[in-house]
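The data block below is query.txt; it holds compact mmCIF, C-alpha atoms and all ligand atoms.
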```
# COMPACT_ATOMS: atom_id res chain seq x y z
CA MET A 1 7.33 -14.58 -18.87
CA ALA A 2 4.07 -15.01 -17.14
CA HIS A 3 5.00 -11.89 -15.25
CA THR A 4 5.79 -9.49 -18.06
CA ARG A 5 3.68 -6.38 -17.92
CA LYS A 6 3.66 -3.87 -20.70
CA THR A 7 0.88 -1.40 -20.26
CA ALA A 8 -0.96 -0.34 -17.19
CA GLY A 9 -4.23 -2.15 -17.02
CA SER A 10 -3.64 -4.50 -19.91
CA LYS A 11 -5.72 -7.61 -19.42
CA LYS A 12 -3.58 -10.55 -18.46
CA ASN A 13 -4.42 -14.13 -17.97
CA TYR A 14 -3.97 -14.32 -14.27
CA THR A 15 -4.73 -17.55 -12.74
CA GLN A 16 -5.56 -16.83 -9.17
CA ALA A 17 -2.56 -18.90 -8.18
CA GLN A 18 -0.24 -16.37 -9.82
CA ALA A 19 -1.91 -13.25 -8.56
CA PRO A 20 0.00 -11.33 -5.88
CA LEU A 21 -3.21 -11.07 -3.91
CA CYS A 22 -6.48 -12.91 -4.22
CA VAL A 23 -9.25 -12.18 -1.73
CA LYS A 24 -12.48 -14.15 -1.59
CA ASP A 25 -15.61 -13.24 0.36
CA LEU A 26 -13.66 -11.30 2.95
CA THR A 27 -15.64 -9.91 5.86
CA VAL A 28 -13.96 -8.24 8.84
CA ALA A 29 -15.68 -7.05 11.99
CA TYR A 30 -14.53 -5.17 15.07
CA HIS A 31 -16.55 -6.11 18.15
CA ARG A 32 -19.04 -7.86 15.87
CA LYS A 33 -19.61 -4.72 13.84
CA PRO A 34 -18.58 -5.43 10.25
CA VAL A 35 -16.33 -2.83 8.67
CA LEU A 36 -15.54 -4.77 5.51
CA TRP A 37 -18.23 -6.73 3.72
CA ASP A 38 -17.83 -9.54 1.28
CA ILE A 39 -14.79 -8.31 -0.58
CA ASP A 40 -13.75 -10.23 -3.71
CA LEU A 41 -10.60 -9.02 -5.35
CA THR A 42 -7.70 -10.20 -7.47
CA LEU A 43 -4.76 -7.86 -7.96
CA PRO A 44 -2.39 -7.87 -10.93
CA GLU A 45 1.36 -8.25 -10.61
CA GLY A 46 4.00 -5.62 -11.27
CA GLN A 47 1.73 -2.62 -11.00
CA LEU A 48 1.26 0.37 -8.73
CA ILE A 49 -2.16 -0.09 -7.17
CA ALA A 50 -4.02 2.63 -5.25
CA VAL A 51 -6.51 1.79 -2.54
CA VAL A 52 -8.92 4.70 -2.35
CA GLY A 53 -11.86 5.50 -0.11
CA PRO A 54 -13.02 7.95 2.57
CA ASN A 55 -11.84 7.96 6.20
CA GLY A 56 -13.16 4.93 7.99
CA ALA A 57 -13.81 3.05 4.72
CA GLY A 58 -11.77 0.09 5.93
CA LYS A 59 -8.60 0.61 3.88
CA SER A 60 -6.18 -0.01 6.76
CA THR A 61 -8.36 -2.82 8.02
CA PHE A 62 -8.23 -4.40 4.59
CA ILE A 63 -4.43 -4.42 4.59
CA LYS A 64 -4.25 -5.60 8.19
CA SER A 65 -6.64 -8.46 7.51
CA VAL A 66 -4.52 -9.55 4.54
CA LEU A 67 -1.46 -9.54 6.81
CA GLY A 68 -3.27 -11.44 9.54
CA LEU A 69 -3.04 -8.48 11.94
CA VAL A 70 -6.80 -8.41 12.47
CA PRO A 71 -8.94 -11.54 12.42
CA ARG A 72 -11.29 -12.22 9.54
CA ALA A 73 -14.93 -12.97 10.28
CA SER A 74 -15.00 -14.96 7.05
CA GLY A 75 -13.23 -15.29 3.75
CA ALA A 76 -9.96 -16.49 2.31
CA ILE A 77 -6.80 -14.72 1.25
CA SER A 78 -3.97 -15.98 -0.89
CA ILE A 79 -0.65 -14.40 -1.80
CA TYR A 80 0.75 -15.91 -4.99
CA GLY A 81 -1.61 -18.79 -4.48
CA LYS A 82 -0.65 -19.64 -0.89
CA SER A 83 -1.48 -18.48 2.60
CA TYR A 84 0.04 -15.25 3.89
CA GLU A 85 1.79 -17.23 6.63
CA SER A 86 3.75 -19.24 4.09
CA GLN A 87 4.40 -16.25 1.83
CA ARG A 88 5.27 -13.75 4.54
CA HIS A 89 8.84 -13.43 3.25
CA LEU A 90 7.49 -12.02 -0.03
CA VAL A 91 5.51 -9.24 1.61
CA GLY A 92 6.64 -5.82 2.84
CA TYR A 93 4.45 -3.52 4.93
CA VAL A 94 4.64 0.19 5.66
CA PRO A 95 2.01 0.88 8.34
CA GLN A 96 -0.07 4.04 8.62
CA ARG A 97 2.03 6.48 10.64
CA GLU A 98 -0.51 7.07 13.37
CA SER A 99 -0.54 3.38 14.21
CA VAL A 100 3.14 3.24 15.15
CA ASP A 101 4.55 3.76 18.64
CA TRP A 102 7.24 6.33 17.89
CA ASP A 103 8.46 6.41 21.49
CA PHE A 104 9.90 2.94 21.13
CA PRO A 105 13.59 3.45 22.02
CA VAL A 106 15.31 2.50 18.76
CA ASN A 107 17.25 4.43 16.16
CA ALA A 108 16.51 4.64 12.44
CA LEU A 109 19.02 1.95 11.56
CA ASP A 110 17.46 -0.45 14.09
CA VAL A 111 14.03 0.13 12.58
CA VAL A 112 15.33 -0.74 9.13
CA ALA A 113 17.30 -3.72 10.41
CA MET A 114 14.11 -5.04 12.04
CA GLY A 115 12.76 -5.41 8.51
CA LEU A 116 15.57 -7.89 7.94
CA TYR A 117 14.81 -10.19 10.84
CA ARG A 118 13.17 -12.70 8.61
CA GLN A 119 16.45 -13.04 6.78
CA ILE A 120 18.57 -12.83 9.90
CA GLY A 121 16.41 -14.89 12.22
CA TRP A 122 15.08 -13.55 15.49
CA PHE A 123 17.51 -13.50 18.44
CA ARG A 124 20.48 -13.42 16.10
CA PRO A 125 22.66 -10.34 16.22
CA VAL A 126 22.59 -7.98 13.26
CA ASN A 127 25.92 -8.44 11.47
CA LYS A 128 27.98 -6.09 9.33
CA ASN A 129 26.27 -7.10 6.07
CA HIS A 130 22.81 -6.54 7.49
CA ARG A 131 23.89 -3.19 8.82
CA LYS A 132 25.24 -2.29 5.41
CA LYS A 133 22.00 -3.37 3.75
CA ALA A 134 20.00 -1.29 6.21
CA LEU A 135 22.27 1.71 5.61
CA ASP A 136 21.93 1.30 1.83
CA SER A 137 18.16 1.39 2.18
CA LEU A 138 18.35 4.52 4.32
CA GLU A 139 20.61 6.03 1.68
CA LYS A 140 18.00 5.30 -1.00
CA VAL A 141 15.40 7.34 0.86
CA GLY A 142 17.85 10.13 1.69
CA MET A 143 18.07 9.26 5.40
CA ALA A 144 21.60 7.87 5.77
CA ASN A 145 22.64 10.88 7.85
CA TYR A 146 19.97 10.08 10.41
CA ALA A 147 20.84 6.41 10.86
CA TYR A 148 21.73 6.73 14.55
CA ARG A 149 19.00 9.22 15.49
CA GLN A 150 16.24 7.97 17.80
CA ILE A 151 13.12 7.37 15.77
CA SER A 152 11.09 9.58 18.14
CA GLN A 153 13.40 12.47 17.33
CA LEU A 154 12.69 12.47 13.61
CA SER A 155 10.06 14.56 11.87
CA GLY A 156 6.92 12.89 10.53
CA GLY A 157 8.19 12.85 6.95
CA GLN A 158 11.56 11.49 8.06
CA GLN A 159 9.85 8.72 10.04
CA GLN A 160 7.87 7.86 6.94
CA ARG A 161 11.07 7.59 4.92
CA VAL A 162 12.62 5.29 7.53
CA PHE A 163 9.64 2.96 7.27
CA LEU A 164 9.95 2.93 3.50
CA ALA A 165 13.63 2.07 3.90
CA ARG A 166 12.64 -0.82 6.13
CA ALA A 167 10.28 -2.17 3.50
CA LEU A 168 12.97 -1.76 0.86
CA ALA A 169 15.53 -3.66 2.92
CA GLN A 170 13.09 -6.56 3.11
CA ASP A 171 13.38 -6.98 -0.64
CA ALA A 172 9.78 -8.13 -0.88
CA ARG A 173 7.83 -8.93 -4.03
CA LEU A 174 4.56 -7.41 -2.87
CA TYR A 175 4.40 -4.22 -0.83
CA PHE A 176 1.53 -2.80 1.19
CA MET A 177 1.94 0.86 2.08
CA ASP A 178 -0.67 2.58 4.18
CA GLU A 179 -0.73 6.29 3.27
CA PRO A 180 2.99 6.79 2.65
CA PHE A 181 2.24 10.25 1.25
CA ALA A 182 0.34 11.49 4.29
CA GLY A 183 1.83 14.63 5.78
CA VAL A 184 5.01 14.65 3.72
CA ASP A 185 6.41 17.65 1.85
CA ALA A 186 6.67 17.89 -1.93
CA ALA A 187 10.29 16.68 -1.97
CA THR A 188 9.46 13.60 0.09
CA GLU A 189 6.43 12.93 -2.07
CA ARG A 190 8.67 13.02 -5.16
CA ALA A 191 11.18 10.75 -3.45
CA ILE A 192 8.44 8.26 -2.58
CA ILE A 193 6.91 8.24 -6.04
CA SER A 194 10.27 7.70 -7.71
CA LEU A 195 10.88 4.86 -5.29
CA LEU A 196 7.52 3.33 -6.23
CA LYS A 197 8.42 3.64 -9.90
CA GLU A 198 11.75 2.01 -9.25
CA LEU A 199 10.05 -0.87 -7.47
CA LYS A 200 7.64 -1.26 -10.37
CA SER A 201 10.49 -1.21 -12.88
CA VAL A 202 11.98 -4.28 -11.23
CA GLY A 203 8.63 -6.08 -11.30
CA LYS A 204 7.40 -5.47 -7.74
CA THR A 205 3.74 -4.96 -6.93
CA CYS A 206 2.84 -2.05 -4.64
CA VAL A 207 -0.55 -1.65 -3.00
CA VAL A 208 -0.74 1.89 -1.66
CA VAL A 209 -3.50 3.56 0.35
CA HIS A 210 -3.83 6.98 -1.19
CA HIS A 211 -6.04 9.97 -0.36
CA ASP A 212 -5.16 12.46 -3.05
CA LEU A 213 -7.61 11.71 -5.85
CA GLN A 214 -5.93 14.16 -8.19
CA THR A 215 -2.71 12.20 -8.34
CA VAL A 216 -4.29 8.75 -8.64
CA PRO A 217 -4.17 8.71 -12.47
CA THR A 218 -0.61 9.99 -12.66
CA TYR A 219 0.87 7.82 -9.93
CA PHE A 220 -1.05 4.58 -10.30
CA ASP A 221 -1.95 1.93 -12.87
CA HIS A 222 -4.71 0.18 -11.05
CA VAL A 223 -7.21 1.31 -8.43
CA VAL A 224 -9.28 -0.33 -5.72
CA LEU A 225 -12.29 1.75 -4.62
CA LEU A 226 -13.37 0.81 -1.16
CA ASN A 227 -16.10 1.90 1.20
CA MET A 228 -16.94 -0.99 3.49
CA ARG A 229 -17.76 -2.85 0.32
CA LEU A 230 -15.65 -3.07 -2.77
CA VAL A 231 -17.11 -0.44 -5.11
CA ASP A 232 -14.92 -1.44 -8.02
CA ALA A 233 -11.35 -2.41 -8.86
CA GLY A 234 -9.43 -2.36 -12.12
CA PRO A 235 -7.19 -0.32 -14.38
CA VAL A 236 -7.32 3.41 -13.62
CA GLU A 237 -8.55 4.27 -17.12
CA THR A 238 -11.63 2.12 -16.80
CA VAL A 239 -12.47 2.25 -13.11
CA PHE A 240 -11.50 5.73 -11.94
CA ASN A 241 -14.60 7.55 -13.17
CA GLU A 242 -17.21 9.89 -11.75
CA GLU A 243 -19.85 7.26 -11.17
CA ASN A 244 -17.52 5.05 -9.17
CA LEU A 245 -16.12 7.97 -7.20
CA LYS A 246 -19.63 9.08 -6.30
CA LYS A 247 -20.41 5.59 -5.10
CA THR A 248 -17.23 5.58 -3.03
CA TYR A 249 -17.43 9.06 -1.53
CA GLY A 250 -21.16 9.77 -1.54
CA GLY A 251 -21.89 13.47 -1.72
CA ARG A 252 -18.44 15.03 -1.48
CA LEU A 253 -18.69 16.28 -5.03
CA THR A 254 -16.50 19.36 -5.07
CA LEU A 255 -13.51 17.18 -4.37
CA LEU A 256 -14.55 14.71 -7.01
CA THR A 257 -15.29 17.18 -9.75
CA HIS A 258 -11.93 18.76 -9.18
CA ALA A 259 -10.17 15.41 -9.31
CA LEU A 260 -11.94 14.38 -12.48
CA ASN A 261 -11.25 17.71 -14.16
CA GLU A 262 -7.57 17.24 -13.41
CA TYR A 263 -7.78 13.71 -14.71
CA ALA A 264 -9.48 14.90 -17.91
CA LYS A 265 -6.40 17.01 -18.61
CA THR A 266 -4.14 13.97 -18.59
CA PRO A 267 -3.46 12.49 -22.04
CA GLN A 268 -4.73 9.00 -21.24
CA PHE A 269 -8.24 10.21 -20.37
CA PRO A 270 -10.72 8.60 -22.74
CA SER A 271 -12.28 11.60 -24.51
CA ASN A 272 -15.53 9.98 -25.56
CA THR A 273 -16.59 7.25 -23.28
CA ASP A 274 -19.90 5.50 -23.80
N1 LIG B 1 -9.14 -1.64 16.51
C1 LIG B 1 -10.36 -1.22 16.18
N2 LIG B 1 -11.41 -1.46 16.97
C2 LIG B 1 -12.67 -1.07 16.64
N3 LIG B 1 -12.97 -0.41 15.50
C3 LIG B 1 -11.97 -0.13 14.67
C4 LIG B 1 -10.60 -0.51 14.95
N4 LIG B 1 -9.82 -0.12 13.92
C5 LIG B 1 -10.64 0.50 13.04
N5 LIG B 1 -11.91 0.50 13.49
C6 LIG B 1 -13.09 1.03 12.77
O1 LIG B 1 -13.19 0.34 11.54
C7 LIG B 1 -13.54 1.23 10.49
C8 LIG B 1 -12.46 1.17 9.42
O2 LIG B 1 -11.26 1.68 9.93
P1 LIG B 1 -9.93 1.78 9.08
O3 LIG B 1 -8.84 2.23 9.97
O4 LIG B 1 -9.71 0.50 8.36
O5 LIG B 1 -10.33 2.91 8.02
P2 LIG B 1 -9.43 3.64 6.93
O6 LIG B 1 -10.15 3.51 5.64
O7 LIG B 1 -8.04 3.15 6.99
O8 LIG B 1 -9.53 5.16 7.41
P3 LIG B 1 -8.44 6.35 7.34
O9 LIG B 1 -8.54 6.92 5.97
O10 LIG B 1 -8.94 7.32 8.37
O11 LIG B 1 -7.10 5.79 7.67
C9 LIG B 1 -13.71 2.60 11.13
O12 LIG B 1 -15.06 2.80 11.37
C10 LIG B 1 -12.92 2.49 12.42
O13 LIG B 1 -13.47 3.32 13.39
MG MG B 2 -6.28 4.01 7.42
```

Transcribe the structure of this file into structure tokens.
Amino acid sequence: MAHTRKTAGSKKNYTQAQAPLCVKDLTVAYHRKPVLWDIDLTLPEGQLIAVVGPNGAGKSTFIKSVLGLVPRASGAISIYGKSYESQRHLVGYVPQRESVDWDFPVNALDVVAMGLYRQIGWFRPVNKNHRKKALDSLEKVGMANYAYRQISQLSGGQQQRVFLARALAQDARLYFMDEPFAGVDAATERAIISLLKELKSVGKTCVVVHHDLQTVPTYFDHVVLLNMRLVDAGPVETVFNEENLKKTYGGRLTLLTHALNEYAKTPQFPSNTD
């Protein structure tokens, strides 16, 4: 009951212990040069959450620091009230495509099965059930026919689908996806968004780095605006506005005006704010 969510952005009484992600005073630096400054953030459960910001804003770094893949200079992170290390089994991750070594000699099914290792245990062979689970996940993203194809021999969009299948197989409660829509065609984009909706419908929380400002209001409930610092975070209808976008993107106004015009056409846009 504490987890029922009715409307996007409805205010809920989250204690920080219940929140899928709670970040306090997070600072991350590469070679002593800070790229994320003093981030404080609590994310709601069961929603589709966009992380938005220009190239180099620290979006991937943010996710990696939550997952312990890059060290934090300071700050604390909790996943459902506990450390990431103890909650790892609840978290699925789809990395940004450019950060993956696609020459690694494995096929699509292996990649998906790797997502199951926490359930299987490392050094244990993948059994029939695991294989079936991996195949089911590939089926869900329309990639079952490519199960035995080397990952390096798939197109970019197909690789992206395989990584989504891997996250699905993990059966996580909280997903981090770093630009799953990057470089995919319209059909794959539709497949990904319906997958996200399906995950939401069964109560999962998805944190998705997203570059297309126009689709933020239609795809997402909640938004995190990031540019080294946290500009703002909250329900799309209150936080995704011109002032915040200007703060996030600086002068790139053509893009912004276009995005906001599109947003204004959507029914949920508040017609007379302030
Ligand atoms: N391993 C690294 N070593 C040094 N600097 C890094 C490293 N990874 C990222 N950076 C720098 O940190 C900053 C944030 O990078 P990050 O990849 O988090 O940005 P991003 O918001 O994900 O960008 P994009 O939209 O291009 O994916 C950038 O200035 C980048 O050059
Ligand atoms: Mg990135």

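Between Glu98 in chain A and the candidates A:Leu245, A:Ala182, A:Val28, A:Val162, the tightest atom-to-atom separation, counting all atoms listed in the file, involves A:Ala182.
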
Once you count only C-alpha atoms and all ligand atoms, what closest atom pair and distance in Å to one decimal does each residue of chain A within 10 Å of ligand MG 2 (chain B) have, with rows by chain and rising residue number, as JSON lines?
```
{"residue": "A:Gly53", "atom": "CA", "partner": "B:MG2", "partner_atom": "MG", "distance": 9.5}
{"residue": "A:Pro54", "atom": "CA", "partner": "B:MG2", "partner_atom": "MG", "distance": 9.2}
{"residue": "A:Asn55", "atom": "CA", "partner": "B:MG2", "partner_atom": "MG", "distance": 6.9}
{"residue": "A:Gly56", "atom": "CA", "partner": "B:MG2", "partner_atom": "MG", "distance": 7.0}
{"residue": "A:Ala57", "atom": "CA", "partner": "B:MG2", "partner_atom": "MG", "distance": 8.1}
{"residue": "A:Gly58", "atom": "CA", "partner": "B:MG2", "partner_atom": "MG", "distance": 6.9}
{"residue": "A:Lys59", "atom": "CA", "partner": "B:MG2", "partner_atom": "MG", "distance": 5.4}
{"residue": "A:Ser60", "atom": "CA", "partner": "B:MG2", "partner_atom": "MG", "distance": 4.1}
{"residue": "A:Thr61", "atom": "CA", "partner": "B:MG2", "partner_atom": "MG", "distance": 7.2}
{"residue": "A:Phe62", "atom": "CA", "partner": "B:MG2", "partner_atom": "MG", "distance": 9.1}
{"residue": "A:Ile63", "atom": "CA", "partner": "B:MG2", "partner_atom": "MG", "distance": 9.1}
{"residue": "A:Lys64", "atom": "CA", "partner": "B:MG2", "partner_atom": "MG", "distance": 9.9}
{"residue": "A:Pro95", "atom": "CA", "partner": "B:MG2", "partner_atom": "MG", "distance": 8.9}
{"residue": "A:Gln96", "atom": "CA", "partner": "B:MG2", "partner_atom": "MG", "distance": 6.3}
{"residue": "A:Arg97", "atom": "CA", "partner": "B:MG2", "partner_atom": "MG", "distance": 9.2}
{"residue": "A:Glu98", "atom": "CA", "partner": "B:MG2", "partner_atom": "MG", "distance": 8.8}
{"residue": "A:Ser99", "atom": "CA", "partner": "B:MG2", "partner_atom": "MG", "distance": 8.9}
{"residue": "A:Asp178", "atom": "CA", "partner": "B:MG2", "partner_atom": "MG", "distance": 6.6}
{"residue": "A:Glu179", "atom": "CA", "partner": "B:MG2", "partner_atom": "MG", "distance": 7.3}
{"residue": "A:Val209", "atom": "CA", "partner": "B:MG2", "partner_atom": "MG", "distance": 7.6}
{"residue": "A:His210", "atom": "CA", "partner": "B:MG2", "partner_atom": "MG", "distance": 9.4}
{"residue": "A:His211", "atom": "CA", "partner": "B:MG2", "partner_atom": "MG", "distance": 9.8}
```

May I have the residues from that selection written out with C-alpha atoms, as a short mmCIF file (atom, residue, chain, number, x, y, z; two decimals), keeping the file's coordinate frame?
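Writing the result to part21.cif gives the following:
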```cif
data_model
loop_
_atom_site.label_atom_id
_atom_site.label_comp_id
_atom_site.auth_asym_id
_atom_site.auth_seq_id
_atom_site.Cartn_x
_atom_site.Cartn_y
_atom_site.Cartn_z
CA GLY A 53 -11.86 5.50 -0.11
CA PRO A 54 -13.02 7.95 2.57
CA ASN A 55 -11.84 7.96 6.20
CA GLY A 56 -13.16 4.93 7.99
CA ALA A 57 -13.81 3.05 4.72
CA GLY A 58 -11.77 0.09 5.93
CA LYS A 59 -8.60 0.61 3.88
CA SER A 60 -6.18 -0.01 6.76
CA THR A 61 -8.36 -2.82 8.02
CA PHE A 62 -8.23 -4.40 4.59
CA ILE A 63 -4.43 -4.42 4.59
CA LYS A 64 -4.25 -5.60 8.19
CA PRO A 95 2.01 0.88 8.34
CA GLN A 96 -0.07 4.04 8.62
CA ARG A 97 2.03 6.48 10.64
CA GLU A 98 -0.51 7.07 13.37
CA SER A 99 -0.54 3.38 14.21
CA ASP A 178 -0.67 2.58 4.18
CA GLU A 179 -0.73 6.29 3.27
CA VAL A 209 -3.50 3.56 0.35
CA HIS A 210 -3.83 6.98 -1.19
CA HIS A 211 -6.04 9.97 -0.36
#
```

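When all atoms listed in the file are used to compute distances to ligand LIG 1 (chain B), the closest of the residues A:His89, A:Lys197, A:His31, A:Lys24 turns out to be A:His31.
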
Problem - Nearby residues (only C-alpha atoms) at most 12 Å from Ala187 in chain A, same-chain spacing under 4 positions excluded, as a PyMOL selection string - result: chain A and resi 141-142+157-158+161+181+183+191-194

Practice task
Return the single residue from A:Ile49, A:Leu41, A:Leu225, A:Leu138 that is closest to ligand LIG 1 (chain B), with distances computed using all atoms listed in the file.
Solution key: A:Leu225

Would you mind putting N, CA and C atoms back on range 180-198 of chain A and writing the result as a PDB file, in the coordinates of the input?
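Written output follows (part.pdb):
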```pdb
ATOM      1  N   PRO A 180       1.600   6.314   2.550  1.00  0.00           N
ATOM      2  CA  PRO A 180       2.990   6.790   2.650  1.00  0.00           C
ATOM      3  C   PRO A 180       3.136   8.273   2.325  1.00  0.00           C
ATOM      4  N   PHE A 181       2.146   8.844   1.632  1.00  0.00           N
ATOM      5  CA  PHE A 181       2.240  10.250   1.250  1.00  0.00           C
ATOM      6  C   PHE A 181       1.630  11.198   2.279  1.00  0.00           C
ATOM      7  N   ALA A 182       1.037  10.633   3.330  1.00  0.00           N
ATOM      8  CA  ALA A 182       0.340  11.490   4.290  1.00  0.00           C
ATOM      9  C   ALA A 182       1.317  12.383   5.030  1.00  0.00           C
ATOM     10  N   GLY A 183       1.055  13.676   4.993  1.00  0.00           N
ATOM     11  CA  GLY A 183       1.830  14.630   5.780  1.00  0.00           C
ATOM     12  C   GLY A 183       3.283  14.768   5.379  1.00  0.00           C
ATOM     13  N   VAL A 184       3.625  14.449   4.137  1.00  0.00           N
ATOM     14  CA  VAL A 184       5.010  14.650   3.720  1.00  0.00           C
ATOM     15  C   VAL A 184       5.094  15.863   2.786  1.00  0.00           C
ATOM     16  N   ASP A 185       6.271  16.476   2.720  1.00  0.00           N
ATOM     17  CA  ASP A 185       6.410  17.650   1.850  1.00  0.00           C
ATOM     18  C   ASP A 185       6.585  17.216   0.392  1.00  0.00           C
ATOM     19  N   ALA A 186       6.623  18.199  -0.502  1.00  0.00           N
ATOM     20  CA  ALA A 186       6.670  17.890  -1.930  1.00  0.00           C
ATOM     21  C   ALA A 186       7.913  17.072  -2.293  1.00  0.00           C
ATOM     22  N   ALA A 187       9.050  17.399  -1.646  1.00  0.00           N
ATOM     23  CA  ALA A 187      10.290  16.680  -1.970  1.00  0.00           C
ATOM     24  C   ALA A 187      10.175  15.213  -1.558  1.00  0.00           C
ATOM     25  N   THR A 188       9.609  14.984  -0.368  1.00  0.00           N
ATOM     26  CA  THR A 188       9.460  13.600   0.090  1.00  0.00           C
ATOM     27  C   THR A 188       8.461  12.864  -0.798  1.00  0.00           C
ATOM     28  N   GLU A 189       7.404  13.557  -1.181  1.00  0.00           N
ATOM     29  CA  GLU A 189       6.430  12.930  -2.070  1.00  0.00           C
ATOM     30  C   GLU A 189       7.113  12.498  -3.380  1.00  0.00           C
ATOM     31  N   ARG A 190       7.945  13.373  -3.920  1.00  0.00           N
ATOM     32  CA  ARG A 190       8.670  13.020  -5.160  1.00  0.00           C
ATOM     33  C   ARG A 190       9.594  11.834  -4.919  1.00  0.00           C
ATOM     34  N   ALA A 191      10.262  11.845  -3.760  1.00  0.00           N
ATOM     35  CA  ALA A 191      11.180  10.750  -3.450  1.00  0.00           C
ATOM     36  C   ALA A 191      10.403   9.432  -3.361  1.00  0.00           C
ATOM     37  N   ILE A 192       9.228   9.483  -2.744  1.00  0.00           N
ATOM     38  CA  ILE A 192       8.440   8.260  -2.580  1.00  0.00           C
ATOM     39  C   ILE A 192       7.933   7.767  -3.934  1.00  0.00           C
ATOM     40  N   ILE A 193       7.463   8.681  -4.761  1.00  0.00           N
ATOM     41  CA  ILE A 193       6.910   8.240  -6.040  1.00  0.00           C
ATOM     42  C   ILE A 193       8.027   7.682  -6.934  1.00  0.00           C
ATOM     43  N   SER A 194       9.223   8.267  -6.856  1.00  0.00           N
ATOM     44  CA  SER A 194      10.270   7.700  -7.710  1.00  0.00           C
ATOM     45  C   SER A 194      10.708   6.328  -7.187  1.00  0.00           C
ATOM     46  N   LEU A 195      10.608   6.171  -5.878  1.00  0.00           N
ATOM     47  CA  LEU A 195      10.880   4.860  -5.290  1.00  0.00           C
ATOM     48  C   LEU A 195       9.850   3.821  -5.760  1.00  0.00           C
ATOM     49  N   LEU A 196       8.585   4.235  -5.767  1.00  0.00           N
ATOM     50  CA  LEU A 196       7.520   3.330  -6.230  1.00  0.00           C
ATOM     51  C   LEU A 196       7.769   2.937  -7.686  1.00  0.00           C
ATOM     52  N   LYS A 197       8.153   3.927  -8.483  1.00  0.00           N
ATOM     53  CA  LYS A 197       8.420   3.640  -9.900  1.00  0.00           C
ATOM     54  C   LYS A 197       9.595   2.686 -10.055  1.00  0.00           C
ATOM     55  N   GLU A 198      10.592   2.893  -9.199  1.00  0.00           N
ATOM     56  CA  GLU A 198      11.750   2.010  -9.250  1.00  0.00           C
ATOM     57  C   GLU A 198      11.339   0.578  -8.887  1.00  0.00           C
TER      58      GLU A 198
END
```
